[in-house]
Structure formats: structure tokens, C-alpha cells
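Only one structure is covered here, and it is reproduced in the block below.
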Amino acid sequence: MEGIAIRLQGLWKSFGQTPAVGGVDLEIRDGEFFSLLGPSGSGKTTLLRLIAGFETPDQGRIELAGQEVTGLAPYERDVHTVFQDYALFPHMTVEQNVAYGLRVRKVPKAERLARARQALAEVRLEGYGRRRPDRLSGGQRQRVALARALVGRPRVLLLDEPLGALDLKLRQQMQVELKALQREVGITFVLVTHDQEEALTMSDRIAVVDRGRIAQTGTPAEIYERPATAFVASFVGVSNLLDGETAHRIAGSPGTYSIRPEKIRVLTESAGPEEPEHATATGTVAEVVYLGDATRFVVDLDGGGRLTALQQNLETSSAEVAAYRGTRVRLRWHRRHAVRLPS
Amino acid sequence: MRTEAGRDPGRRLAAILRRRPRLRPVLLLTAPLLWLTVLYLGSLAVLFVSAFWTTDSFTSQVVKVWTTDNFHALLTTPVYRQVVLRSVAVALAVTVLCVLLAFPVAFYTARVAPPRRRPLLVAAILTPLWASYLVKVYAWRLILSEGGLADWMLAPFGLRGPGYGLPATVLTLTYLWLPYMILPLHTALEQLPAGLLDASADLGARPARTFRSVVLPLVLPSAAAGSVFTFSLSLGDYITVQIVGGKTQLIGNLVYSHIDLDLPMAAALGTVPVAVIVLYLLAIRRTGALDNL
Ligand SMILES: Nc1ncnc2c1ncn2[C@@H]1O[C@H](COP(=O)(O)OP(=O)(O)OP(=O)(O)O)[C@@H](O)[C@H]1O
Ligand SMILES: [Mg+2]
């Protein structure tokens, strides 16, 4: 099959009783920045290790670039990994670490040194080649691990929470760099993360992993705007989940619905629906949280139930928003933003 | 307050120590340091000094005149030179054998055996250390005796046991010091992060390559640390060679046989293993082994 870098079919893997990966089907395209997003223990690392070949599946099939690799050892797969803890060789210099994959494949020394230097330049670590990994900061180690995995130009690069150990500032900077690097080299990246913001900002497509299964696959916008399950809605971003009587009253028909807080406008009670596609509900402001750039309103609805709404602080200031507590308001949103979830 | 604190010696000391934190370890280490200098370095110094004395050849009395005759004899007498070289060769052979035997054992106990059984295996490796040294050596004397276990087991292959002599000495010493090599190797292999082996395979290395380029370099310092024990214990031994060594002479029993007749010569001979071990330590310091001791 052309254009498919990784295909997983009916993949199962158990450690003891409960399956860590329980029936995963997935296709990752060539050149894609793909993220596996899920909470801790959902089986992301196990999935990655199955692709890399460190674990063998109990059932199912793994294809890389159309070739079945299910039974192959890691060293027989054209896949390199950036490990969660980097796994740099402590007895080698940075340069030797980066050149290791080339040395193993018997690339001549001069070429391998040149390529290692170039890879270090790509991750902006020129001049660090002679150092030992233990003399580097966390962010620098992360870059060495990246250079080491990239230098052999594998078909697929697997990254297991590569930014998890970095502080927020550095993490955001590395997110931008990683994305730029991926565009530059054009290699398929599979990123494991539990950080929904990271997945949303970096990925071409995301698979949300829930207890060893794929809950939804799609572009960041699809995942965010049209979550397929209640789990996806609550895990990716913040969401109002409505069900039962409240859902029936507000959405007009029974079912479970998800509405993002930023899609809900907070208006004075007297305001009406402007357009026919708008839905509204009245209630009393129970809580006001000033977030700096925005304000979060928690509103107790008249017929029961609660909705959270997020408003940008375009004109209001902190002193003014606090005065909203206890006032009567009308909430308004577009009907298509109330996403119906399968029950 | 101030004067009161000044009068109480305990408090005064506490105050001084607070102001000068560097004095604290000095105080703490005074007793062990005294012990070390007086008893250990002191006796080494006495050994070294007495090596420069001589003995009255008629009365065998020590004569305290300053002379380098003993060292001169040590360097020029062929027998002494041979014994020194033989002793170093034995210590090296024992060390090499220990590494070769200990590695597979440690690899099994640290990485192959099921994790729950590992503590038991380590305990099993340690048990011989609880038995008396003499009992173990005499056991080997029995094993290696004429018509003993070694002969009996090798007989079907048309071979015989090594009997008593140099090979028997090396064999017995290897048996005695093997646990000192297995333990550091076991620890090193057990602490080897699995992630490094994964990373190596991930980058295309087959198991043999991973072993050569990742496992070996990382456990080498521990092997060197173990070799400090196997080497120096072998070099200092004089009992094993007496029991299973036949007529073999090593530095240890040479020293022993000189003690009654010529104490200064014995002392001069005794400085040889000290010097060799210092050289050995300097040589392996470069592997980083001493950081792990
Ligand atoms: N080698 C193993 N032996 C036993 N159980 C394992 C092993 N590896 C993973 N598991 C179990 O499989 C499940 C999934 O683990 P996995 O490491 O894939 O999760 P994860 O999504 O990567 O989590 P995290 O975000 O915390 O890294 C967990 O319940 C874990 O306990
Ligand atoms: Mg993980």
C-alpha cells in the first residue's frame, strides 16, 4: 500500500490479566506528524514498543511501509526511537552516541563523523560533540537523543514523551523546534504524549488512546470539535458534558452532549437568540474565576444542571467580572457546537 | 548568656564547630584515622624500615645497621626474581580465570534468572565465603590427591588430575576468590539499564554487537574492581600454595620461610607485593574501577 508508513491490525498485548493494548487498528501515513494521546497507563508506550519491536504482540499484525514486520527484531526494522528517559550511552561522548547507529551499519568513519556533526547541528548542539551525556542539561540530552535517532534517516521516528522531563518554557520551545524539524526532514513522526495541548499544537493527526484501545482518530480540529466519546471530550480540553433530563431540555432530544466552554456566550438575561440555530438557557452565576486573559463562569441553570462558559476578557477587568457572581444571565451557543456523543 | 555558654565546654565546642564546619569530619574521623595511621601505616613503615636492616649470619640476630643489601639481593638473585614473576603470573592467571568464570555466572544471576530467584542465587554464591578458608583448601587437596575426585572424574577421558603444583594452586585460588569477582559483576549487570540495550537494538545493533559495544564497556570497571580483590588476595596468599602447591614457591611462602632466619630479608620480600599492588591499582585506576569501590 502506498503512502502508509505504519499499519496496525487487530493488535493485542497483555501483561498478566488485563490487556495493555486491546485490539488496535491504526494507519499512519507517510510523512505525517502523528500523536498517540492518552492518560497514564493507557498503553501508549506499549503500542510504541510493539511498533519498534521491543514487544511481540499476542495477536495482530504490524506493517511498516507495506512490509509485515510482526515477528522481526528491533534491529531489523527501519524505525528509530527517542526514549522517554533518552537512554544515552553513558560511556560514549555525544558524538559517539549520535554516530552509534551509523557505526553499527558500518558507515565509513569520515562519513559517519560528518553526518553526526550535521545531525548535532540540526538540533542546534554544535560544539557539544566531545562531551559526555552526564555533562549535559535535560534539554540538551533530549536533543542528543533526537539527533541519534534521526541521523540514520529512518522511515519512522518514534518519540515516547520526549518533552516530558522538560520545564514548561523549554517544552514549548522544543515543541516548535520538533515540528519544524519534522517538516524539514519529512520523516514520519509518531509522538506519544499525555499532554493534550502538545498533541493539538504539533500533530497532523491524533489517535486518542483509552485503556488500550483507540477511542478516536482524526485531525486536532476533528478531535477537539467533534469528540467521538465522552472520554475524548473530557480528556482533550475542557468540556461540558450534558446528559439525562438536562440534555433533553437544552438540546431538544435525549442523549449525551458535549459543549466546549469557549463556545458559550454569557449575556444578560433579557437577550434573546439572534439566529434560529442558536440555543439558549438561563441561570444564575454560581462562580466567577478570573484567569487573566479570560474569565470562567460557572452557571447553575434554572431547570437544573450546570454549564461552564469561558469568555475572553476583551473589555472587562478583574474588578468588573467579580461583580457578576449571583447575577442572572442567559447563555447562548450555536446548536452545532453541542456535539452528540454515542451513549 | 554569652559568658555562660563560654563556661560550658560542650557548648563551646558546639559553637566552634558551627562556626567552622570543616572541623566536624576531622573530629568524627580522629579515632579511625589514628587507628589507620598507627596500626596500619605504622606497621607498613616498620616493615619498610626493617627491610633495610640486616641479620648476623651466625646468630640470626637482627642487626640494626642501614643497608640496601636485601634489596640488592632481591633484584640480583635469580631465584627471588623467578618467585616474584611466578607470583605475579599466578595472581594474573587467577584474575583472568575469575573474570572468565564469573561473567557467565553473573550474567545468569543478574539478567537471565527469574527476578524472584536472584537474591537466592546471590546468597548461594556467597555461602562458600562463610566456610573456613582452611577447610576449603584441604577439600581441594583431597579433590586433587592421587586417585582423588579429579583423577576419578577425568579417568573416563584418559586424563588425570593436575596433581599438586602450580596449576593446582591457580585452580584453588580461583575457586577461593571467585565470589569476589561474581558479586561486582552481578551488581553491574543488574544495574545495567534495560533501556540502553533497547536503544542499541533500536539503532540496528544485533545482540553480539550490543554486548561488545554497550554491555562490556559498562561492566568493565566492575570487573576491574573485582580484580583488585582476586589479584591482591592471590598475591598475598601463602597457605594455599603450601597445601596444594607441592614444591611451588610464591612470595608469600618465601616471606614465611625467611621470618625466623632472616627477618630483614623477609621484610624486603614483603614490600614486593605491596609495591606490585600499588602499581596494579595505578594501572586500573584509569578504568574508573576505583570510583566504584
Ligand atoms: N513490562 C510490563 N510488565 C507488566 N505490565 C506492564 C508492562 N508494561 C506495561 N505494563 C502495563 O500496561 C499498561 C499500559 O502501560 P504503558 O506503559 O503502555 O502506559 P502509558 O500509556 O505509556 O503510560 P504513561 O503515560 O504513564 O507512560 C499499564 O497498566 C502497565 O502497568
Ligand atoms: Mg509511557
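Numbering starts fresh at 1 for the residues of each chain in the C-alpha cells, the chains themselves are lettered A, B, ... in the order given, and ligands are numbered from 1 as they appear.
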Check every residue of chain A for an atom within 12 Å of chain B, counting only C-alpha atoms, and provide those that qualify as a compact mmCIF listing (two decimals) with N, CA and C atoms, in the first residue's frame.
# COMPACT_ATOMS: atom_id res chain seq x y z
N ARG A 49 6.26 0.39 21.72
CA ARG A 49 7.24 -0.69 21.82
C ARG A 49 6.89 -1.83 20.87
N ILE A 51 5.50 -1.33 17.92
CA ILE A 51 5.92 -0.84 16.60
C ILE A 51 7.43 -0.96 16.45
N ALA A 52 8.16 -0.61 17.53
CA ALA A 52 9.63 -0.65 17.46
C ALA A 52 10.16 -2.08 17.48
N GLY A 53 9.37 -3.01 18.03
CA GLY A 53 9.80 -4.40 18.06
C GLY A 53 10.33 -4.88 19.40
N PHE A 54 10.20 -4.06 20.45
CA PHE A 54 10.66 -4.49 21.77
C PHE A 54 9.69 -5.44 22.43
N GLU A 55 8.44 -5.41 21.98
CA GLU A 55 7.44 -6.36 22.47
C GLU A 55 6.87 -7.07 21.25
N LEU A 72 9.70 -9.50 13.45
CA LEU A 72 11.09 -9.07 13.30
C LEU A 72 11.62 -8.41 14.58
N ALA A 73 12.95 -8.53 14.76
CA ALA A 73 13.61 -7.91 15.91
C ALA A 73 13.75 -6.41 15.67
N PRO A 74 13.96 -5.63 16.75
CA PRO A 74 14.09 -4.17 16.58
C PRO A 74 15.15 -3.78 15.56
N TYR A 75 16.29 -4.53 15.55
CA TYR A 75 17.37 -4.12 14.66
C TYR A 75 17.08 -4.45 13.20
N GLU A 76 15.96 -5.14 12.97
CA GLU A 76 15.58 -5.43 11.59
C GLU A 76 14.50 -4.49 11.07
N ARG A 77 14.14 -3.49 11.88
CA ARG A 77 13.08 -2.58 11.46
C ARG A 77 13.65 -1.19 11.22
N ASP A 78 13.17 -0.55 10.18
CA ASP A 78 13.69 0.77 9.83
C ASP A 78 12.96 1.84 10.65
N VAL A 79 13.09 1.72 11.95
CA VAL A 79 12.38 2.59 12.89
C VAL A 79 13.36 2.95 13.99
N HIS A 80 13.45 4.21 14.35
CA HIS A 80 14.28 4.58 15.49
C HIS A 80 13.43 5.26 16.54
N THR A 81 13.90 5.17 17.78
CA THR A 81 13.09 5.63 18.90
C THR A 81 13.83 6.69 19.71
N VAL A 82 13.10 7.71 20.15
CA VAL A 82 13.60 8.63 21.17
C VAL A 82 12.91 8.21 22.47
N PHE A 83 13.72 7.71 23.40
CA PHE A 83 13.13 7.09 24.58
C PHE A 83 12.72 8.12 25.62
N GLN A 84 11.76 7.69 26.45
CA GLN A 84 11.22 8.58 27.48
C GLN A 84 12.34 9.10 28.39
N ASP A 85 13.32 8.22 28.71
CA ASP A 85 14.43 8.66 29.58
C ASP A 85 15.71 8.86 28.76
N TYR A 86 15.56 8.99 27.45
CA TYR A 86 16.64 9.27 26.49
C TYR A 86 17.56 8.09 26.24
N ALA A 87 17.92 7.31 27.30
CA ALA A 87 18.77 6.12 27.13
C ALA A 87 20.04 6.42 26.33
N LEU A 88 20.72 7.50 26.66
CA LEU A 88 22.01 7.78 26.03
C LEU A 88 23.06 6.86 26.64
N PHE A 89 24.03 6.44 25.82
CA PHE A 89 25.08 5.57 26.34
C PHE A 89 26.04 6.39 27.18
N PRO A 90 26.15 6.09 28.48
CA PRO A 90 26.95 6.94 29.36
C PRO A 90 28.44 6.86 29.09
N HIS A 91 28.90 5.77 28.46
CA HIS A 91 30.34 5.61 28.26
C HIS A 91 30.80 6.18 26.93
N MET A 92 29.90 6.80 26.19
CA MET A 92 30.29 7.38 24.91
C MET A 92 30.09 8.89 24.96
N GLN A 96 29.85 10.15 19.72
CA GLN A 96 29.82 8.70 19.57
C GLN A 96 28.41 8.16 19.72
N ASN A 97 27.64 8.76 20.62
CA ASN A 97 26.24 8.37 20.77
C ASN A 97 25.51 8.57 19.45
N VAL A 98 25.69 9.75 18.87
CA VAL A 98 24.96 10.07 17.65
C VAL A 98 25.40 9.17 16.50
N ALA A 99 26.71 8.87 16.48
CA ALA A 99 27.23 8.09 15.36
C ALA A 99 27.02 6.58 15.55
N TYR A 100 26.51 6.17 16.70
CA TYR A 100 26.44 4.73 17.01
C TYR A 100 25.68 3.93 15.94
N GLY A 101 24.51 4.43 15.56
CA GLY A 101 23.70 3.72 14.57
C GLY A 101 24.44 3.56 13.24
N LEU A 102 25.22 4.58 12.89
CA LEU A 102 25.97 4.52 11.64
C LEU A 102 27.14 3.55 11.76
N ARG A 103 27.77 3.56 12.95
CA ARG A 103 28.90 2.67 13.19
C ARG A 103 28.44 1.23 13.09
N VAL A 104 27.27 0.95 13.69
CA VAL A 104 26.72 -0.39 13.65
C VAL A 104 26.47 -0.82 12.21
N ARG A 105 26.06 0.14 11.37
CA ARG A 105 25.79 -0.20 9.97
C ARG A 105 27.01 -0.03 9.10
N LYS A 106 28.18 0.09 9.74
CA LYS A 106 29.47 0.08 9.04
C LYS A 106 29.63 1.21 8.04
N ALA A 145 19.44 12.70 22.01
CA ALA A 145 18.64 11.51 21.72
C ALA A 145 17.94 11.67 20.37
N ALA A 147 18.97 13.61 17.85
CA ALA A 147 19.97 13.56 16.78
C ALA A 147 20.38 12.12 16.52
N ARG A 148 20.54 11.33 17.60
CA ARG A 148 20.96 9.95 17.46
C ARG A 148 19.92 9.13 16.69
N ALA A 149 18.65 9.42 16.95
CA ALA A 149 17.60 8.67 16.27
C ALA A 149 17.41 9.14 14.83
N LEU A 150 17.73 10.40 14.57
CA LEU A 150 17.46 10.97 13.25
C LEU A 150 18.59 10.76 12.26
N VAL A 151 19.81 10.58 12.77
CA VAL A 151 20.97 10.64 11.89
C VAL A 151 20.94 9.54 10.83
N GLY A 152 20.36 8.39 11.16
CA GLY A 152 20.28 7.30 10.19
C GLY A 152 19.12 7.45 9.23
N ARG A 153 18.38 8.55 9.33
CA ARG A 153 17.22 8.80 8.48
C ARG A 153 16.31 7.58 8.37
N PRO A 154 15.71 7.18 9.50
CA PRO A 154 14.80 6.03 9.45
C PRO A 154 13.53 6.43 8.72
N VAL A 156 10.59 5.85 9.98
CA VAL A 156 9.68 6.30 11.02
C VAL A 156 10.47 6.64 12.27
N LEU A 157 10.13 7.74 12.92
CA LEU A 157 10.73 8.09 14.20
C LEU A 157 9.66 7.99 15.27
N LEU A 158 9.95 7.21 16.31
CA LEU A 158 9.01 7.08 17.42
C LEU A 158 9.51 7.92 18.58
What residues have any atom no more than 8 Å from ligand 2 when counting only C-alpha atoms and all ligand atoms, and can you list them as a list of chain:residue names?
->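 Checking only C-alpha atoms and all ligand atoms against ligand 2 at 8 Å gives A:Ser40, A:Gly41, A:Gly43, A:Lys44, A:Thr45, A:Thr46, A:Gln84, A:Asp160, A:Glu161, A:Val192.
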Let me see the file: selected residues, C-alpha atoms, as a PDB file, in the first residue's frame.
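As a result, again_34.pdb now contains:
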ATOM      1  CA  SER A  40      -1.040   7.500  32.073  1.00  0.00           C
ATOM      2  CA  GLY A  41      -1.287   3.727  31.826  1.00  0.00           C
ATOM      3  CA  GLY A  43      -0.999   1.695  26.743  1.00  0.00           C
ATOM      4  CA  LYS A  44       0.769   4.321  24.629  1.00  0.00           C
ATOM      5  CA  THR A  45       4.281   3.149  25.440  1.00  0.00           C
ATOM      6  CA  THR A  46       3.286  -0.464  24.879  1.00  0.00           C
ATOM      7  CA  GLN A  84      11.218   8.580  27.482  1.00  0.00           C
ATOM      8  CA  ASP A 160       7.948   8.489  23.754  1.00  0.00           C
ATOM      9  CA  GLU A 161       7.029  11.608  25.723  1.00  0.00           C
ATOM     10  CA  VAL A 192       3.447   9.643  22.453  1.00  0.00           C
TER      11      VAL A 192
END
Looking only at the backbone, which of the residues in stretch 163-299 of chain A does DSSP tag as strand (DSSP E), as a PyMOL selection string?
-> chain A and resi 188-193+205-210+213-218+240-242+256-259+265-268+278-290+294-299
Shell around stretch 1-15 of chain A at 10 Å using only C-alpha atoms, local window under 3 positions removed, as a VMD selection string | chain A and resid 18 to 32 43 46 to 47 50 to 51 55 to 68 70 155 to 156 187 to 190 212 to 213
Since we have the selection now, will you write its residues out, keeping C-alpha atoms, as a PDB file, in the first residue's frame?
ATOM      1  CA  THR A  18      -5.635  -7.002  31.704  1.00  0.00           C
ATOM      2  CA  PRO A  19      -4.599  -6.142  28.161  1.00  0.00           C
ATOM      3  CA  ALA A  20      -2.282  -3.130  27.857  1.00  0.00           C
ATOM      4  CA  VAL A  21      -3.207  -2.956  24.185  1.00  0.00           C
ATOM      5  CA  GLY A  22      -6.611  -4.380  23.378  1.00  0.00           C
ATOM      6  CA  GLY A  23      -7.456  -4.584  19.705  1.00  0.00           C
ATOM      7  CA  VAL A  24      -5.851  -1.641  17.978  1.00  0.00           C
ATOM      8  CA  ASP A  25      -6.315  -0.884  14.277  1.00  0.00           C
ATOM      9  CA  LEU A  26      -4.414   2.117  13.026  1.00  0.00           C
ATOM     10  CA  GLU A  27      -2.960   3.566   9.856  1.00  0.00           C
ATOM     11  CA  ILE A  28      -0.282   6.233   9.952  1.00  0.00           C
ATOM     12  CA  ARG A  29       0.575   7.938   6.679  1.00  0.00           C
ATOM     13  CA  ASP A  30       3.967   8.687   5.195  1.00  0.00           C
ATOM     14  CA  GLY A  31       5.465  11.967   6.355  1.00  0.00           C
ATOM     15  CA  GLU A  32       2.783  12.524   8.935  1.00  0.00           C
ATOM     16  CA  GLY A  43      -0.999   1.695  26.743  1.00  0.00           C
ATOM     17  CA  THR A  46       3.286  -0.464  24.879  1.00  0.00           C
ATOM     18  CA  LEU A  47       1.909   0.462  21.466  1.00  0.00           C
ATOM     19  CA  LEU A  50       5.185  -3.016  19.636  1.00  0.00           C
ATOM     20  CA  ILE A  51       5.916  -0.844  16.603  1.00  0.00           C
ATOM     21  CA  GLU A  55       7.445  -6.356  22.470  1.00  0.00           C
ATOM     22  CA  THR A  56       5.782  -9.015  20.353  1.00  0.00           C
ATOM     23  CA  PRO A  57       2.004  -8.850  20.068  1.00  0.00           C
ATOM     24  CA  ASP A  58      -0.183 -11.653  21.394  1.00  0.00           C
ATOM     25  CA  GLN A  59      -2.329 -11.186  18.318  1.00  0.00           C
ATOM     26  CA  GLY A  60      -2.427  -8.987  15.270  1.00  0.00           C
ATOM     27  CA  ARG A  61      -0.193  -7.710  12.537  1.00  0.00           C
ATOM     28  CA  ILE A  62       2.238  -4.832  12.153  1.00  0.00           C
ATOM     29  CA  GLU A  63       3.271  -3.456   8.774  1.00  0.00           C
ATOM     30  CA  LEU A  64       5.926  -0.877   8.071  1.00  0.00           C
ATOM     31  CA  ALA A  65       5.801   0.624   4.587  1.00  0.00           C
ATOM     32  CA  GLY A  66       3.664  -2.265   3.387  1.00  0.00           C
ATOM     33  CA  GLN A  67       6.027  -4.942   4.712  1.00  0.00           C
ATOM     34  CA  GLU A  68       4.924  -7.189   7.516  1.00  0.00           C
ATOM     35  CA  THR A  70       5.339  -8.511  13.221  1.00  0.00           C
ATOM     36  CA  ARG A 155      11.449   5.705   7.747  1.00  0.00           C
ATOM     37  CA  VAL A 156       9.675   6.301  11.021  1.00  0.00           C
ATOM     38  CA  ILE A 187      10.150  11.621   8.213  1.00  0.00           C
ATOM     39  CA  THR A 188       7.013  10.117   9.752  1.00  0.00           C
ATOM     40  CA  PHE A 189       6.943  11.067  13.442  1.00  0.00           C
ATOM     41  CA  VAL A 190       4.869   9.140  15.953  1.00  0.00           C
ATOM     42  CA  GLY A 212      -5.589   0.054  25.415  1.00  0.00           C
ATOM     43  CA  ARG A 213      -7.961   0.963  22.600  1.00  0.00           C
TER      44      ARG A 213
END
Which residues in stretch 16-171 of chain A does DSSP call helix (DSSP H, G or I)? List them as number ranges by chain.
-> A: 44-52, 74-76, 94-104, 109-122, 133-135, 138-150, 168-171
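One finds atom CA of A:Ala228 at 27.8 Å from atom CA of A:Thr282.
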Coordinates-based distance that separates atom CA of B:Phe231 from atom CA of B:Leu34 (Å, one decimal) |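 Interatomic distance, atom CA of B:Leu34 to atom CA of B:Phe231: 28.1 Å.
The spacing separating atom CA of B:Trp53 from atom CA of B:Leu279 amounts to 24.9 Å.
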With distances taken over only C-alpha atoms, which of B:Leu41, B:Leu47, B:Val63, B:Leu183 is nearest to B:Pro119?
->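 Between B:Leu41, B:Leu47, B:Val63, B:Leu183, the residue approaching B:Pro119 most closely is B:Leu183.
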